[in-house]
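Note sheet for the following structure.
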Amino acid sequence: MEGMKQHTMSITVADIRRIMDRAYPPQLAEKWDKNGLICGDPNNEVQRVAFALECDMAVVEAAEAAGAQMIIVHHPLLLKAVSSVAADTPKGAVLHRLIRSGIALFNAHTNADSARPGVNDHLCEILGLHPGRPLAPQSQGARDAWTVYFPLATSENVLPHLFTHGAGEIGNYCRCSFSSTGEGQFEPRPGADPTEGEIGVLHRGEEEKVEFIAPASRRREILAALREHHPYEEPAFHIVAMEEDAEADNAVGIGRIGKLPEPMRLGDFVQRVANTLPQTAWGVRATGDPEQLIQKVAVCSGSGDSFLDLVRGLDVDAYLTSDLRHHPVDEYLRAGGVPVIDTAHWASEFPWTSQAAELIGREAGVETIIVDHRSDPWTMGAQRG
């Protein structure tokens with residue numbers, strides 16, 4: 001196990017959940033997926049968090065031994081519907097042990113696959129690939145570009161109320177805005193109650209223009225907060241609906257198009273994959289000519305044979321994923337697909353634990369521990385002697 005940052009402040013399970021949800025938004029998860037807090041009291045204090053790819057009894061025991069109050073994993077414990085969590089069932093035994101030990105369990109699955117940075121970005125980076133656009137881009141929802149005008153030095157009293165309702169959120173950043181100053185003018189008519197100026201007199205004064213992005217779905221709440229807290233009787237603002245570029249390099253979605261700094265032999269890249277990812281009995285398999293030069297590699301952590309047809313239509317030199325089966329790969333290659341590199345599912349996703357641990361250590365200031373238990377189900381491999 002690896003230790004990271006030390007606890008510096010009182011943090012709860014709910015605080016950790018908020019940090020994870022901000023980095024790996026739950027709305028990015030696939031419809032069939034299950035994510036979030038699986039068990040545990042949101043109000044319980046957390047001083048140490050353990051990380052693993054999935055939670056089995058060995059991971060719980062390691063977390064207990066390390067004195068962790070929370071475990072964060074990638075794979076959901078309760079992905080498929082269950083009718084019992086009795087202590088004499090495999091999943092029930094894990095849940096009972098967690099609850100008795102006072103350990104909360106949280107998971108981020110396909111939302112962490114799609115997020116930026118997420119599982120696929122980290123996989124690209126450790127293999128020396130620059131992570132570009134997703135294989136399967138996902139809409140983040142319609143967004144608005146807001147411009148609001150304030151009397152000079154008053155925006156700082158209003159913006160926090162707008163940020164509370166989602167204004168200024170861009171990817172993994174929040175409270176984002178841009179401001180500039182200039183001269184504004186208006187003439188109050190009879191019946192007005194101006195903060196500045198006089199009825200019937202043209203008023204000129206310094207103003208601040210503030211611009212920010214916000215989800216279109218939050219327009220009503222942001223507008224209500226603006227009207228409530230803005231010093232002007234009639235706030236001056238305008239809203240522009242934004243078009244979304246789902247193909248951009250910073251777009252969210254499953255998989256990535258990765259690019260090497262320079263072309264390299266396919267055989268050398270396959271060896272790099274084997275040397276970089278955690279070792280498993282499954283190892284690394286590949287198709288194609290080892291001498292072929294490659295530079296653009298489609299990457300999908302975990303099971304990715306559902307993207308074979310999609311990859312065949314992309315401008316890439318190879319495809320790296322896991323859990324590939326004989327017939328889908330055979331048909332893909334017969335149709336002219338680029339070389340594929342097949343890793344163990346566990347090996348392609350376990351490296352994400354270091355990304356998540358670094359996030360929680362940095363944002364929450366608690367100690368983080370990576371449980372290096374190999375939960376890959378394949379434990380033995382053999383070649384003909």
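Naming works like this for the structure tokens: A, B, ... for the chains as they're shown, residue 1 at the start of each chain, ligands 1 onward in shown order.
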When you look at stretch 348-360 of chain A with a cut-off of 7 Å (counting only C-alpha atoms), what residues show up, excluding the ones that are within fewer than 6 positions of it in the same chain? I need them as a PDB file with N, CA and C atoms, in the first residue's frame.
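File produced: out-v4.pdb:
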ATOM      1  N   PHE A  51      -8.105   3.368  -1.626  1.00  0.00           N
ATOM      2  CA  PHE A  51      -8.518   3.313  -3.026  1.00  0.00           C
ATOM      3  C   PHE A  51      -8.183   1.942  -3.608  1.00  0.00           C
ATOM      4  N   ALA A  52      -9.130   1.405  -4.396  1.00  0.00           N
ATOM      5  CA  ALA A  52      -8.932   0.132  -5.079  1.00  0.00           C
ATOM      6  C   ALA A  52      -9.803   0.132  -6.321  1.00  0.00           C
ATOM      7  N   LEU A  53      -9.574  -0.828  -7.213  1.00  0.00           N
ATOM      8  CA  LEU A  53     -10.411  -0.879  -8.409  1.00  0.00           C
ATOM      9  C   LEU A  53     -11.816  -1.352  -8.065  1.00  0.00           C
ATOM     10  N   VAL A 119     -10.404   8.241 -16.139  1.00  0.00           N
ATOM     11  CA  VAL A 119      -9.692   6.962 -16.260  1.00  0.00           C
ATOM     12  C   VAL A 119      -8.913   6.885 -17.572  1.00  0.00           C
ATOM     13  N   HIS A 122      -5.820   9.259 -17.803  1.00  0.00           N
ATOM     14  CA  HIS A 122      -4.676   8.766 -17.029  1.00  0.00           C
ATOM     15  C   HIS A 122      -4.011   7.593 -17.736  1.00  0.00           C
ATOM     16  N   LEU A 123      -4.820   6.699 -18.323  1.00  0.00           N
ATOM     17  CA  LEU A 123      -4.258   5.560 -19.049  1.00  0.00           C
ATOM     18  C   LEU A 123      -3.405   6.057 -20.216  1.00  0.00           C
ATOM     19  N   LEU A 277       1.721  -1.157 -17.492  1.00  0.00           N
ATOM     20  CA  LEU A 277       0.530  -1.548 -16.739  1.00  0.00           C
ATOM     21  C   LEU A 277       0.880  -2.590 -15.679  1.00  0.00           C
ATOM     22  N   SER A 301     -10.337   2.159 -21.787  1.00  0.00           N
ATOM     23  CA  SER A 301     -10.076   1.322 -20.619  1.00  0.00           C
ATOM     24  C   SER A 301     -11.247   0.379 -20.390  1.00  0.00           C
ATOM     25  N   GLY A 302     -10.969  -0.777 -19.794  1.00  0.00           N
ATOM     26  CA  GLY A 302     -12.028  -1.753 -19.541  1.00  0.00           C
ATOM     27  C   GLY A 302     -12.491  -2.427 -20.818  1.00  0.00           C
ATOM     28  N   THR A 368      -4.316   9.386   1.996  1.00  0.00           N
ATOM     29  CA  THR A 368      -4.851   8.461   1.002  1.00  0.00           C
ATOM     30  C   THR A 368      -3.943   7.250   0.875  1.00  0.00           C
ATOM     31  N   ILE A 370      -3.439   3.584  -1.382  1.00  0.00           N
ATOM     32  CA  ILE A 370      -3.813   2.730  -2.516  1.00  0.00           C
ATOM     33  C   ILE A 370      -3.607   1.275  -2.125  1.00  0.00           C
TER      34      ILE A 370
END
inquiry  = as a PyMOL selection string, please: every residue in stretch 104-349 of chain A that a backbone DSSP assignment puts in strand (DSSP E or B).
reply    = chain A and resi 104-107+130-131+136-137+143-151+170+173+178-186+203-215+236-242+253-254+256-265+285-286+293-303+318-322+340-343
inquiry  = List the spatial neighbours of stretch 251-260 of chain A as a PyMOL selection string - criterion: any atom at most 6 Å away, only C-alpha atoms, same-chain residues fewer than 2 positions off excluded.
reply    = chain A and resi 113-115+120+129-138+246+248-249+262+295-300
key: Of the listed residues A:Ala167, A:Met70, A:Leu162, A:Leu223, that which approaches A:Asp15 most closely, counting only C-alpha atoms   =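 Once distances to A:Asp15 are computed over only C-alpha atoms, the minimum belongs to A:Met70.
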